[in-house]
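Visitor: For reference, the file run_2.txt (compact mmCIF, C-alpha atoms and all ligand atoms) is included below:
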```txt
# COMPACT_ATOMS: atom_id res chain seq x y z
CA MET W 1 -5.27 -1.06 96.75
CA ARG W 2 -5.72 2.33 95.06
CA VAL W 3 -7.66 1.55 91.89
CA LEU W 4 -9.08 3.40 88.92
CA VAL W 5 -12.33 2.02 87.50
CA ALA W 6 -12.86 3.16 83.92
CA GLY W 7 -16.56 2.88 83.14
CA GLY W 8 -17.56 2.73 86.81
CA ALA W 9 -20.82 4.60 86.22
CA GLY W 10 -22.15 1.83 84.01
CA TYR W 11 -24.05 -1.31 84.96
CA ILE W 12 -21.20 -3.77 85.52
CA GLY W 13 -18.60 -1.14 86.46
CA SER W 14 -20.78 0.32 89.21
CA VAL W 15 -21.47 -3.10 90.74
CA VAL W 16 -17.76 -3.95 90.73
CA THR W 17 -16.96 -0.52 92.22
CA ALA W 18 -19.32 -1.30 95.11
CA ALA W 19 -17.63 -4.69 95.58
CA LEU W 20 -14.16 -3.09 95.52
CA LEU W 21 -15.19 -0.52 98.15
CA ALA W 22 -16.67 -3.28 100.33
CA ASP W 23 -13.34 -5.10 100.01
CA GLY W 24 -11.49 -2.06 101.33
CA HIS W 25 -10.07 -0.63 98.09
CA GLU W 26 -9.76 3.08 97.39
CA VAL W 27 -11.66 3.75 94.16
CA THR W 28 -11.69 6.55 91.59
CA VAL W 29 -14.21 6.14 88.77
CA LEU W 30 -13.36 7.54 85.35
CA ASP W 31 -16.47 7.78 83.17
CA ASP W 32 -17.58 10.27 80.50
CA LEU W 33 -21.23 9.55 81.42
CA SER W 34 -22.09 8.97 77.76
CA THR W 35 -24.05 5.88 78.75
CA GLY W 36 -23.32 5.67 82.48
CA HIS W 37 -25.10 7.53 85.27
CA ALA W 38 -23.37 9.72 87.89
CA ASP W 39 -25.89 8.52 90.48
CA ALA W 40 -24.85 4.90 89.86
CA VAL W 41 -21.34 5.61 91.17
CA PRO W 42 -21.38 4.20 94.70
CA SER W 43 -20.80 6.75 97.45
CA GLY W 44 -17.28 6.27 98.68
CA ALA W 45 -15.83 6.41 95.16
CA THR W 46 -14.63 9.63 93.53
CA LEU W 47 -15.89 10.42 90.01
CA ALA W 48 -13.71 11.95 87.28
CA ALA W 49 -16.18 12.68 84.46
CA VAL W 50 -13.83 12.48 81.50
CA SER W 51 -13.33 10.13 78.56
CA LEU W 52 -10.67 7.47 78.10
CA HIS W 53 -8.91 9.81 75.68
CA GLU W 54 -8.51 12.31 78.53
CA SER W 55 -7.42 9.81 81.15
CA ALA W 56 -3.73 10.82 81.48
CA PRO W 57 -4.24 13.74 83.89
CA VAL W 58 -6.50 11.59 86.06
CA LEU W 59 -3.86 8.87 86.30
CA ALA W 60 -1.24 11.53 87.05
CA ASP W 61 -3.40 12.79 89.90
CA VAL W 62 -4.70 9.49 91.34
CA ARG W 63 -1.55 7.36 90.78
CA PRO W 64 -3.54 4.10 90.84
CA GLU W 65 -1.86 0.77 91.52
CA ALA W 66 -4.32 -0.97 89.21
CA VAL W 67 -6.99 -0.21 86.64
CA LEU W 68 -10.24 -2.05 85.99
CA HIS W 69 -11.41 -1.16 82.50
CA PHE W 70 -15.14 -1.44 81.73
CA ALA W 71 -15.53 1.69 79.60
CA ALA W 72 -16.78 0.81 76.13
CA LYS W 73 -19.47 1.04 73.53
CA SER W 74 -21.21 -2.31 73.70
CA LEU W 75 -24.16 -2.56 71.32
CA VAL W 76 -23.54 -5.15 68.63
CA GLY W 77 -26.11 -3.72 66.18
CA VAL W 78 -24.85 -0.13 66.45
CA SER W 79 -21.27 -1.34 65.99
CA GLN W 80 -22.25 -2.52 62.52
CA GLN W 81 -23.87 0.80 61.59
CA ARG W 82 -21.39 3.24 63.19
CA PRO W 83 -18.09 1.33 63.39
CA HIS W 84 -15.96 4.46 63.82
CA GLU W 85 -17.44 4.99 67.30
CA TYR W 86 -16.36 1.49 68.29
CA TRP W 87 -12.83 1.81 66.95
CA ASP W 88 -12.49 5.27 68.46
CA THR W 89 -13.76 4.52 71.97
CA ASN W 90 -13.01 0.84 72.43
CA VAL W 91 -9.65 0.72 70.67
CA GLY W 92 -8.42 4.35 70.54
CA GLY W 93 -9.70 5.04 74.07
CA SER W 94 -8.14 1.85 75.45
CA LEU W 95 -4.82 2.70 73.81
CA ALA W 96 -4.90 6.16 75.42
CA LEU W 97 -5.62 4.54 78.79
CA LEU W 98 -2.78 2.01 78.46
CA GLU W 99 -0.39 4.79 77.43
CA ALA W 100 -1.46 6.86 80.44
CA MET W 101 -0.87 3.80 82.63
CA ARG W 102 2.59 3.30 81.12
CA ALA W 103 3.47 6.97 81.63
CA HIS W 104 2.41 6.83 85.27
CA HIS W 105 3.91 3.43 86.10
CA CYS W 106 0.64 1.59 86.63
CA ARG W 107 0.89 -1.83 85.02
CA ARG W 108 -1.90 -3.92 86.50
CA ILE W 109 -5.20 -4.12 84.62
CA VAL W 110 -8.39 -6.18 84.45
CA PHE W 111 -10.21 -5.69 81.16
CA SER W 112 -13.83 -6.40 80.22
CA SER W 113 -13.62 -8.56 77.14
CA THR W 114 -16.53 -10.48 75.67
CA ALA W 115 -17.80 -13.76 74.28
CA ALA W 116 -18.35 -11.76 71.08
CA THR W 117 -14.59 -12.16 70.41
CA TYR W 118 -15.26 -15.79 69.46
CA GLY W 119 -17.98 -15.23 66.86
CA GLU W 120 -19.94 -18.26 65.71
CA PRO W 121 -18.60 -21.12 67.85
CA GLU W 122 -17.44 -24.40 66.33
CA SER W 123 -18.39 -26.21 69.52
CA VAL W 124 -20.00 -25.44 72.86
CA PRO W 125 -19.16 -24.96 75.66
CA ILE W 126 -16.64 -22.41 74.38
CA ARG W 127 -13.13 -22.66 75.80
CA GLU W 128 -10.49 -19.93 75.79
CA ASP W 129 -8.47 -21.76 73.13
CA ALA W 130 -11.40 -21.61 70.67
CA PRO W 131 -10.74 -19.62 67.48
CA THR W 132 -11.48 -15.89 67.74
CA ARG W 133 -13.42 -14.85 64.66
CA PRO W 134 -15.74 -12.02 65.72
CA THR W 135 -18.77 -11.47 63.50
CA ASN W 136 -19.26 -7.81 64.40
CA THR W 137 -17.23 -4.65 65.00
CA TYR W 138 -17.99 -4.72 68.72
CA GLY W 139 -16.34 -8.13 69.12
CA ALA W 140 -13.48 -7.16 66.82
CA SER W 141 -12.78 -3.99 68.81
CA LYS W 142 -12.66 -5.94 72.09
CA LEU W 143 -10.41 -8.57 70.54
CA ALA W 144 -8.06 -5.81 69.38
CA VAL W 145 -7.69 -4.67 73.00
CA ASP W 146 -7.01 -8.24 74.11
CA HIS W 147 -4.14 -8.31 71.60
CA MET W 148 -2.99 -4.89 72.82
CA LEU W 149 -2.79 -6.23 76.38
CA THR W 150 -0.74 -9.23 75.31
CA SER W 151 1.82 -6.97 73.64
CA TYR W 152 1.91 -4.53 76.58
CA ALA W 153 2.50 -7.47 78.92
CA VAL W 154 5.39 -8.72 76.81
CA ALA W 155 6.95 -5.34 75.99
CA HIS W 156 6.20 -3.32 79.12
CA GLY W 157 5.69 -5.88 81.88
CA PHE W 158 1.93 -5.27 82.27
CA ALA W 159 0.08 -7.74 84.52
CA ALA W 160 -3.21 -8.14 82.70
CA VAL W 161 -6.39 -10.19 82.80
CA SER W 162 -9.10 -10.17 80.14
CA LEU W 163 -12.44 -11.47 81.40
CA ARG W 164 -14.63 -12.60 78.53
CA TYR W 165 -18.17 -12.09 79.76
CA PHE W 166 -21.07 -14.06 78.36
CA ASN W 167 -24.58 -12.67 79.07
CA VAL W 168 -24.35 -10.58 82.22
CA ALA W 169 -27.63 -10.21 84.09
CA GLY W 170 -29.17 -9.67 87.51
CA ALA W 171 -28.44 -6.86 89.95
CA ALA W 172 -26.41 -6.27 93.09
CA HIS W 173 -25.85 -3.49 95.65
CA GLY W 174 -29.14 -1.96 94.42
CA LEU W 175 -27.57 -1.44 90.98
CA GLY W 176 -28.99 -2.95 87.81
CA GLU W 177 -29.16 -2.42 84.07
CA ARG W 178 -30.37 1.03 83.04
CA HIS W 179 -29.75 1.73 79.37
CA ALA W 180 -31.33 4.62 77.47
CA VAL W 181 -31.92 2.23 74.59
CA GLU W 182 -32.50 -1.25 76.00
CA THR W 183 -31.64 -4.17 73.73
CA HIS W 184 -30.97 -6.96 76.23
CA LEU W 185 -33.42 -9.78 76.70
CA ILE W 186 -33.94 -9.88 80.48
CA PRO W 187 -34.52 -6.13 81.00
CA ILE W 188 -36.87 -6.06 78.00
CA ALA W 189 -38.84 -9.04 79.34
CA LEU W 190 -39.14 -7.23 82.68
CA GLN W 191 -40.26 -3.99 81.01
CA VAL W 192 -43.03 -5.96 79.31
CA ALA W 193 -43.98 -7.56 82.63
CA ALA W 194 -44.10 -4.10 84.21
CA GLY W 195 -46.40 -2.84 81.45
CA GLU W 196 -43.80 -0.42 80.08
CA ARG W 197 -43.79 -2.21 76.73
CA GLU W 198 -46.62 -4.13 75.13
CA THR W 199 -44.79 -7.15 73.78
CA LEU W 200 -41.43 -8.81 73.55
CA THR W 201 -40.27 -9.84 70.11
CA VAL W 202 -38.56 -13.22 70.07
CA TYR W 203 -35.87 -12.97 67.40
CA GLY W 204 -36.46 -16.25 65.64
CA ASP W 205 -37.87 -19.58 66.81
CA ASP W 206 -36.40 -21.75 64.07
CA TYR W 207 -32.88 -22.20 65.44
CA PRO W 208 -31.43 -25.69 65.82
CA THR W 209 -32.11 -25.74 69.59
CA PRO W 210 -34.65 -27.82 71.58
CA ASP W 211 -37.36 -25.09 71.54
CA GLY W 212 -36.10 -23.26 68.45
CA THR W 213 -34.99 -20.10 70.29
CA CYS W 214 -31.38 -18.99 70.92
CA ILE W 215 -29.49 -20.27 73.92
CA ARG W 216 -27.29 -18.00 76.03
CA ASP W 217 -25.24 -18.31 79.20
CA TYR W 218 -26.57 -15.84 81.80
CA VAL W 219 -24.06 -14.95 84.49
CA HIS W 220 -25.03 -12.94 87.57
CA VAL W 221 -23.33 -9.55 87.88
CA GLU W 222 -22.42 -10.34 91.51
CA ASP W 223 -20.55 -13.48 90.40
CA LEU W 224 -18.84 -11.32 87.81
CA ALA W 225 -17.78 -8.91 90.58
CA ASP W 226 -16.29 -11.85 92.52
CA ALA W 227 -14.27 -12.77 89.44
CA HIS W 228 -12.83 -9.25 89.19
CA LEU W 229 -11.68 -9.30 92.81
CA LEU W 230 -9.99 -12.66 92.24
CA ALA W 231 -8.45 -11.55 88.94
CA LEU W 232 -7.01 -8.28 90.22
CA PRO W 233 -3.99 -9.66 92.11
CA ALA W 234 -3.60 -12.83 90.02
CA PRO W 235 -1.24 -12.15 87.09
CA ALA W 236 2.50 -11.63 87.48
CA ALA W 237 4.31 -8.85 85.62
CA GLY W 238 4.58 -9.79 81.95
CA GLU W 239 1.56 -12.07 82.08
CA HIS W 240 -1.74 -11.63 80.20
CA ARG W 241 -4.40 -14.14 81.21
CA ILE W 242 -7.71 -14.63 79.42
CA TYR W 243 -10.69 -16.22 81.17
CA ASN W 244 -14.25 -16.91 80.07
CA LEU W 245 -16.98 -15.99 82.54
CA GLY W 246 -20.28 -17.77 82.32
CA ASN W 247 -22.34 -20.22 84.32
CA GLY W 248 -21.70 -23.02 81.89
CA THR W 249 -25.44 -23.58 81.55
CA GLY W 250 -27.44 -22.36 78.60
CA PHE W 251 -31.00 -21.03 78.77
CA SER W 252 -33.19 -20.37 75.75
CA VAL W 253 -35.05 -17.14 75.03
CA GLN W 254 -38.26 -19.07 75.74
CA GLN W 255 -36.93 -20.19 79.14
CA VAL W 256 -36.05 -16.58 80.01
CA VAL W 257 -39.56 -15.44 79.09
CA ASP W 258 -41.03 -18.23 81.22
CA ALA W 259 -38.80 -17.20 84.15
CA ALA W 260 -39.90 -13.56 83.79
CA ARG W 261 -43.54 -14.66 83.92
CA GLU W 262 -42.94 -16.85 86.96
CA VAL W 263 -40.91 -14.28 88.90
CA THR W 264 -43.11 -11.25 88.22
CA GLY W 265 -46.49 -12.97 88.23
CA HIS W 266 -47.36 -10.84 85.20
CA PRO W 267 -48.06 -11.89 81.63
CA VAL W 268 -45.23 -11.34 79.14
CA PRO W 269 -46.87 -11.35 75.71
CA VAL W 270 -44.47 -12.30 72.93
CA VAL W 271 -44.53 -12.10 69.16
CA VAL W 272 -42.15 -14.15 67.07
CA GLY W 273 -40.12 -12.01 64.70
CA GLU W 274 -37.27 -12.44 62.26
CA ARG W 275 -33.87 -13.62 63.37
CA ARG W 276 -31.57 -10.78 64.47
CA ALA W 277 -28.51 -10.50 62.22
CA GLY W 278 -25.36 -11.91 63.78
CA ASP W 279 -27.04 -13.94 66.55
CA PRO W 280 -25.38 -17.36 66.97
CA ALA W 281 -27.80 -20.16 67.91
CA GLN W 282 -25.92 -21.02 71.07
CA LEU W 283 -23.29 -19.27 73.23
CA VAL W 284 -22.34 -21.16 76.35
CA ALA W 285 -19.06 -20.73 78.22
CA SER W 286 -16.66 -23.21 79.57
CA SER W 287 -15.44 -21.41 82.69
CA ASP W 288 -13.27 -24.33 83.80
CA LEU W 289 -10.06 -22.29 83.52
CA ILE W 290 -11.02 -19.50 85.93
CA ARG W 291 -12.54 -22.04 88.30
CA ALA W 292 -9.32 -24.06 88.31
CA GLU W 293 -6.81 -21.20 88.37
CA LEU W 294 -8.58 -18.61 90.54
CA GLY W 295 -11.06 -20.76 92.44
CA TRP W 296 -14.01 -18.78 91.05
CA ALA W 297 -17.39 -20.40 91.59
CA PRO W 298 -20.65 -18.70 90.59
CA ARG W 299 -23.12 -18.42 93.47
CA HIS W 300 -26.18 -17.64 91.32
CA THR W 301 -26.75 -20.38 88.79
CA ASP W 302 -30.54 -20.43 88.96
CA LEU W 303 -32.17 -18.44 86.13
CA ALA W 304 -35.23 -17.46 88.20
CA GLY W 305 -32.95 -16.06 90.93
CA ILE W 306 -31.03 -13.94 88.39
CA VAL W 307 -34.28 -12.61 86.91
CA ARG W 308 -35.69 -11.96 90.40
CA ASP W 309 -32.70 -9.81 91.41
CA ALA W 310 -33.05 -7.76 88.20
CA TRP W 311 -36.81 -7.39 88.84
CA ASP W 312 -36.39 -6.28 92.45
CA VAL W 313 -33.96 -3.49 91.53
CA ALA W 314 -35.96 -2.38 88.47
CA ARG W 315 -39.11 -2.21 90.61
CA ALA W 316 -37.37 -0.27 93.38
CA ARG W 317 -36.33 2.28 90.77
N1 LIG J 401 -33.53 -11.47 72.18
C1 LIG J 401 -34.84 -11.56 71.75
N2 LIG J 401 -35.62 -10.45 71.85
C2 LIG J 401 -35.17 -9.26 72.37
C3 LIG J 401 -33.83 -9.20 72.83
C4 LIG J 401 -33.04 -10.32 72.72
O1 LIG J 401 -35.29 -12.60 71.25
O2 LIG J 401 -35.95 -8.29 72.42
C5 LIG J 401 -32.68 -12.66 72.09
C6 LIG J 401 -31.46 -12.47 71.20
O3 LIG J 401 -31.77 -12.73 69.87
C7 LIG J 401 -30.49 -13.45 71.82
C8 LIG J 401 -30.86 -13.47 73.30
O4 LIG J 401 -32.18 -12.93 73.37
O5 LIG J 401 -30.70 -14.70 71.29
C9 LIG J 401 -29.97 -12.62 74.16
O6 LIG J 401 -29.86 -11.34 73.57
P1 LIG J 401 -29.18 -10.09 74.29
O7 LIG J 401 -29.33 -8.93 73.36
O8 LIG J 401 -29.72 -9.97 75.67
O9 LIG J 401 -27.66 -10.51 74.43
P2 LIG J 401 -26.63 -11.01 73.31
O10 LIG J 401 -26.50 -12.50 73.47
O11 LIG J 401 -26.96 -10.53 71.97
O12 LIG J 401 -25.30 -10.22 73.69
C10 LIG J 401 -24.72 -10.21 74.96
C11 LIG J 401 -24.04 -8.88 75.16
C12 LIG J 401 -22.90 -8.73 74.21
C13 LIG J 401 -21.98 -9.92 74.30
C14 LIG J 401 -22.75 -11.18 74.13
C15 LIG J 401 -21.83 -12.34 74.35
O13 LIG J 401 -24.94 -7.82 74.99
O14 LIG J 401 -22.19 -7.57 74.53
O15 LIG J 401 -23.81 -11.24 75.07
O16 LIG J 401 -22.49 -13.50 74.67
F1 LIG J 401 -21.06 -9.84 73.35
```
What do you get writing this file as C-alpha cells?
Ligand code: UFG
Guide:
Amino acid sequence: MRVLVAGGAGYIGSVVTAALLADGHEVTVLDDLSTGHADAVPSGATLAAVSLHESAPVLADVRPEAVLHFAAKSLVGVSQQRPHEYWDTNVGGSLALLEAMRAHHCRRIVFSSTAATYGEPESVPIREDAPTRPTNTYGASKLAVDHMLTSYAVAHGFAAVSLRYFNVAGAAHGLGERHAVETHLIPIALQVAAGERETLTVYGDDYPTPDGTCIRDYVHVEDLADAHLLALPAPAAGEHRIYNLGNGTGFSVQQVVDAAREVTGHPVPVVVGERRAGDPAQLVASSDLIRAELGWAPRHTDLAGIVRDAWDVARAR
C-alpha cells in the first residue's frame, strides 16, 4: 500500500515506518522535525519536512491510500503549562490532515491515541468502554481527535482505528527513544545507569500499590508496530475502531529501576521525591479487544527484555 506516516521521524513513528517498509509498503514520512530526527527516518522512506498544517500539498503529491498519524506534542506536564501548543498541533494539525485526506480521497487512517484519554481509572485493567475523563490537556487533545475520527467515519466514510497506547518502551530496527528533554522512566533510568545523570527521582513512594510506587503497563515498541500493521486493513468504510494497547501486566517504578540495574549491571541511585501532579497510581490496559478482533499478541512481555532492547540501542548510539 502507498502510505503516509505523519510523525515518522519520531520514536514510535520511525519504528512503524521500518516495519511498514519491511512489509512491502511504499512510505512517505511527513514530519516537521520539531521533536523528530531526520536521521531516524528509515532509508527507503521519503521525508517531507513539513507540519500537519501544511500537509495538503504532500497528500496531493503522494496520493496515499492510507495515513498513519503519530505526529503530536506528547508531554503531559508541558500540556498543562502551554495548552495552546497542544490544541494547535494535536487538534488543529489533525483537523488539517483529515481535511487534506478528504480533499484527496484518502479515507483510511490509524491514529496514535493514548491511555491518557481515560484519566484516573475507576478500575484496572482499563477496557475501551471505560469512561474517558482526561486529567490533562494532552489526553484531552488526543480524545478530541478520537471524536473527530468517529464523526469523519460517519459523515465521510473514513475507515479509522485509534490505538490507545499505554507506556511504550524498548527499541526495534536500531531505533529507540531520543528526546531532547527526556521525561520517561525507562530512558531516564538508563541514562543514570550510563552515568549521564547522577540519580533518578522516584515520584512518590506512598501510592496505594504493593511497593508504594506507581504501576504502569510497558508495551514494547515492536509489538506496537505489529498492532499498526494489523490495524491498517481492518476497519470497513464508515467504521472507527478503538483499541487499547498494553501488555496487560503492570510493573512498578521500583521494578523498572531493579530491571535497569539487572540489565545494565550498573548502579542506579534513586532519591524519593514528591508525587508528580496528575500521575494515577495504576494504569494497566485490558487489550482483550485487539487480541480477539485482530489476533494481536505481544511478543515481548518480559520487563527485563524491554529494558535490554532500549539499553542496547542507547549504548550503540
Ligand atoms: N517516573 C518517576 N521518575 C521519573 C520519571 C517517571 O518516578 O524520572 C514515574 C512516573 O511518576 C510514572 C512512571 O514513572 O509513575 C512512568 O512515567 P513516564 O513519564 O515514563 O510515563 P507516564 O506513565 O507518565 O506517561 C506515558 C506517556 C503518556 C501516556 C501515558 C499513558 O508518556 O504519553 O504513558 O499511560 F499518556
Visitor: Counting all atoms listed in the file, what are the residues, protein, DNA or RNA alike, that approach ligand LIG 401 (chain J) to within 7 Å? I want them as a list in words.
Guide: Ser74, Leu75, Val76, Thr114, Ala115, Ala116, Gly139, Tyr165, Phe166, Asn167, Thr183, His184, Leu185, Ile186, Ile188, Leu200, Thr201, Val202, Tyr203, Gly204, Thr213, Cys214, Ile215, Arg216, Val253, Arg275, Arg276, Asp279 and Leu283 of chain W
Visitor: Contacts of Thr28 in chain W at 7 Å or less, counting only C-alpha atoms, minus same-chain residues fewer than 5 places along, as number ranges by chain?
Guide: W: 3-5, 45-47
Visitor: Give me, please, the distance in Å between CA of His37 in chain W and CA of His266 in chain W, quoted to one decimal.
Guide: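 Atom-to-atom, CA of His37 in chain W and CA of His266 in chain W are spaced 28.9 Å apart.
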Visitor: What does the structure give for the distance between CA of Gly10 in chain W and CA of Thr35 in chain W, in Å to one decimal?
Guide: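 Separating CA of Gly10 in chain W from CA of Thr35 in chain W is a distance of 6.9 Å.
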Visitor: Using all atoms listed in the file, which protein or nucleic acid residues come within 12 Å of range 292-300 of chain W? Drop anything in the same chain fewer than 6 positions from it, and give the result as an MDAnalysis selection string.
Guide: chainID W and resid 161 168:172 218:235 241:249 286 306:309
Visitor: In Å, rounded to a single decimal, give me how far CA of Glu177 in chain W is from CA of Gly265 in chain W.
Guide: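 CA of Gly265 in chain W sits 20.7 Å away from CA of Glu177 in chain W.
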Visitor: Pick out the closest residue to Arg261 in chain W from this set: W:Thr132, W:Ser162, W:Ser94, W:Gln191. Count only C-alpha atoms.
Guide: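 Answer, going by the shortest atom-to-atom distance: W:Gln191.
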Visitor: Please list as a ChimeraX atom specification every residue within 12 Å of Asn90 in chain W, counting all atoms listed in the file and excluding residues in the same chain fewer than 3 positions away.
Guide: /W:6-7,51-53,69-75,79,83-87,93-98,111-113,137-146,148
Visitor: So that I can check the surroundings of Ser43 in chain W, please list as JSON, numbers by chain every protein, DNA and RNA residue that reaches within 10 Å of it, counting only C-alpha atoms and ignoring chain neighbours fewer than 4 positions away.
Guide: {"W": [17, 18, 21, 39, 47]}
Visitor: Go ahead and find all residues with at least one atom no further than 9 Å from (-5.3, 5.6, 92.6) in the file's coordinates, using only C-alpha atoms; report them as a ChimeraX atom specification.
Guide: /W:1-4,26-28,58-59,61-67
Visitor: Taking the structure in the block just given, could you write range 132-158 of chain W with N, CA and C atoms, as a short mmCIF file (atom, residue, chain, number, x, y, z; two decimals), in the first residue's frame?
Guide:
```cif
data_model
loop_
_atom_site.label_atom_id
_atom_site.label_comp_id
_atom_site.auth_asym_id
_atom_site.auth_seq_id
_atom_site.Cartn_x
_atom_site.Cartn_y
_atom_site.Cartn_z
N THR W 132 -14.07 8.19 29.62
CA THR W 132 -12.91 8.99 29.19
C THR W 132 -13.00 10.36 29.85
N ARG W 133 -12.16 10.53 30.88
CA ARG W 133 -12.14 11.80 31.62
C ARG W 133 -10.69 12.22 31.81
N PRO W 134 -10.06 12.70 30.71
CA PRO W 134 -8.64 13.04 30.79
C PRO W 134 -8.35 14.08 31.87
N THR W 135 -7.21 13.93 32.52
CA THR W 135 -6.84 14.85 33.60
C THR W 135 -5.79 15.86 33.14
N ASN W 136 -5.48 15.87 31.85
CA ASN W 136 -4.53 16.87 31.35
C ASN W 136 -4.87 17.21 29.90
N THR W 137 -4.29 18.32 29.43
CA THR W 137 -4.60 18.82 28.08
C THR W 137 -4.13 17.84 27.02
N TYR W 138 -3.00 17.18 27.28
CA TYR W 138 -2.51 16.19 26.32
C TYR W 138 -3.59 15.14 26.05
N GLY W 139 -4.11 14.53 27.12
CA GLY W 139 -5.13 13.49 26.97
C GLY W 139 -6.40 14.05 26.34
N ALA W 140 -6.77 15.27 26.72
CA ALA W 140 -7.98 15.88 26.17
C ALA W 140 -7.82 16.13 24.67
N SER W 141 -6.61 16.55 24.25
CA SER W 141 -6.40 16.84 22.83
C SER W 141 -6.46 15.55 22.00
N LYS W 142 -5.94 14.45 22.55
CA LYS W 142 -6.00 13.17 21.84
C LYS W 142 -7.43 12.63 21.79
N LEU W 143 -8.17 12.85 22.87
CA LEU W 143 -9.57 12.40 22.89
C LEU W 143 -10.39 13.19 21.87
N ALA W 144 -10.06 14.48 21.71
CA ALA W 144 -10.77 15.29 20.72
C ALA W 144 -10.58 14.70 19.33
N VAL W 145 -9.38 14.22 19.03
CA VAL W 145 -9.13 13.64 17.70
C VAL W 145 -9.87 12.31 17.56
N ASP W 146 -9.94 11.54 18.64
CA ASP W 146 -10.75 10.31 18.58
C ASP W 146 -12.19 10.64 18.19
N HIS W 147 -12.74 11.68 18.81
CA HIS W 147 -14.12 12.09 18.46
C HIS W 147 -14.20 12.57 17.01
N MET W 148 -13.16 13.28 16.58
CA MET W 148 -13.11 13.77 15.19
C MET W 148 -13.19 12.59 14.23
N LEU W 149 -12.44 11.53 14.55
CA LEU W 149 -12.40 10.36 13.66
C LEU W 149 -13.76 9.67 13.61
N THR W 150 -14.44 9.60 14.75
CA THR W 150 -15.77 8.99 14.74
C THR W 150 -16.69 9.77 13.80
N SER W 151 -16.64 11.10 13.87
CA SER W 151 -17.56 11.87 13.03
C SER W 151 -17.14 11.82 11.56
N TYR W 152 -15.85 11.75 11.28
CA TYR W 152 -15.42 11.62 9.88
C TYR W 152 -15.78 10.24 9.32
N ALA W 153 -15.78 9.23 10.17
CA ALA W 153 -16.20 7.90 9.71
C ALA W 153 -17.68 7.93 9.34
N VAL W 154 -18.48 8.52 10.22
CA VAL W 154 -19.92 8.54 9.99
C VAL W 154 -20.27 9.43 8.79
N ALA W 155 -19.69 10.64 8.76
CA ALA W 155 -20.09 11.61 7.74
C ALA W 155 -19.41 11.38 6.39
N HIS W 156 -18.15 10.94 6.43
CA HIS W 156 -17.37 10.90 5.19
C HIS W 156 -16.85 9.50 4.84
N GLY W 157 -17.31 8.49 5.55
CA GLY W 157 -16.92 7.13 5.21
C GLY W 157 -15.47 6.79 5.51
N PHE W 158 -14.83 7.52 6.45
CA PHE W 158 -13.46 7.17 6.83
C PHE W 158 -13.44 5.77 7.46
#
```
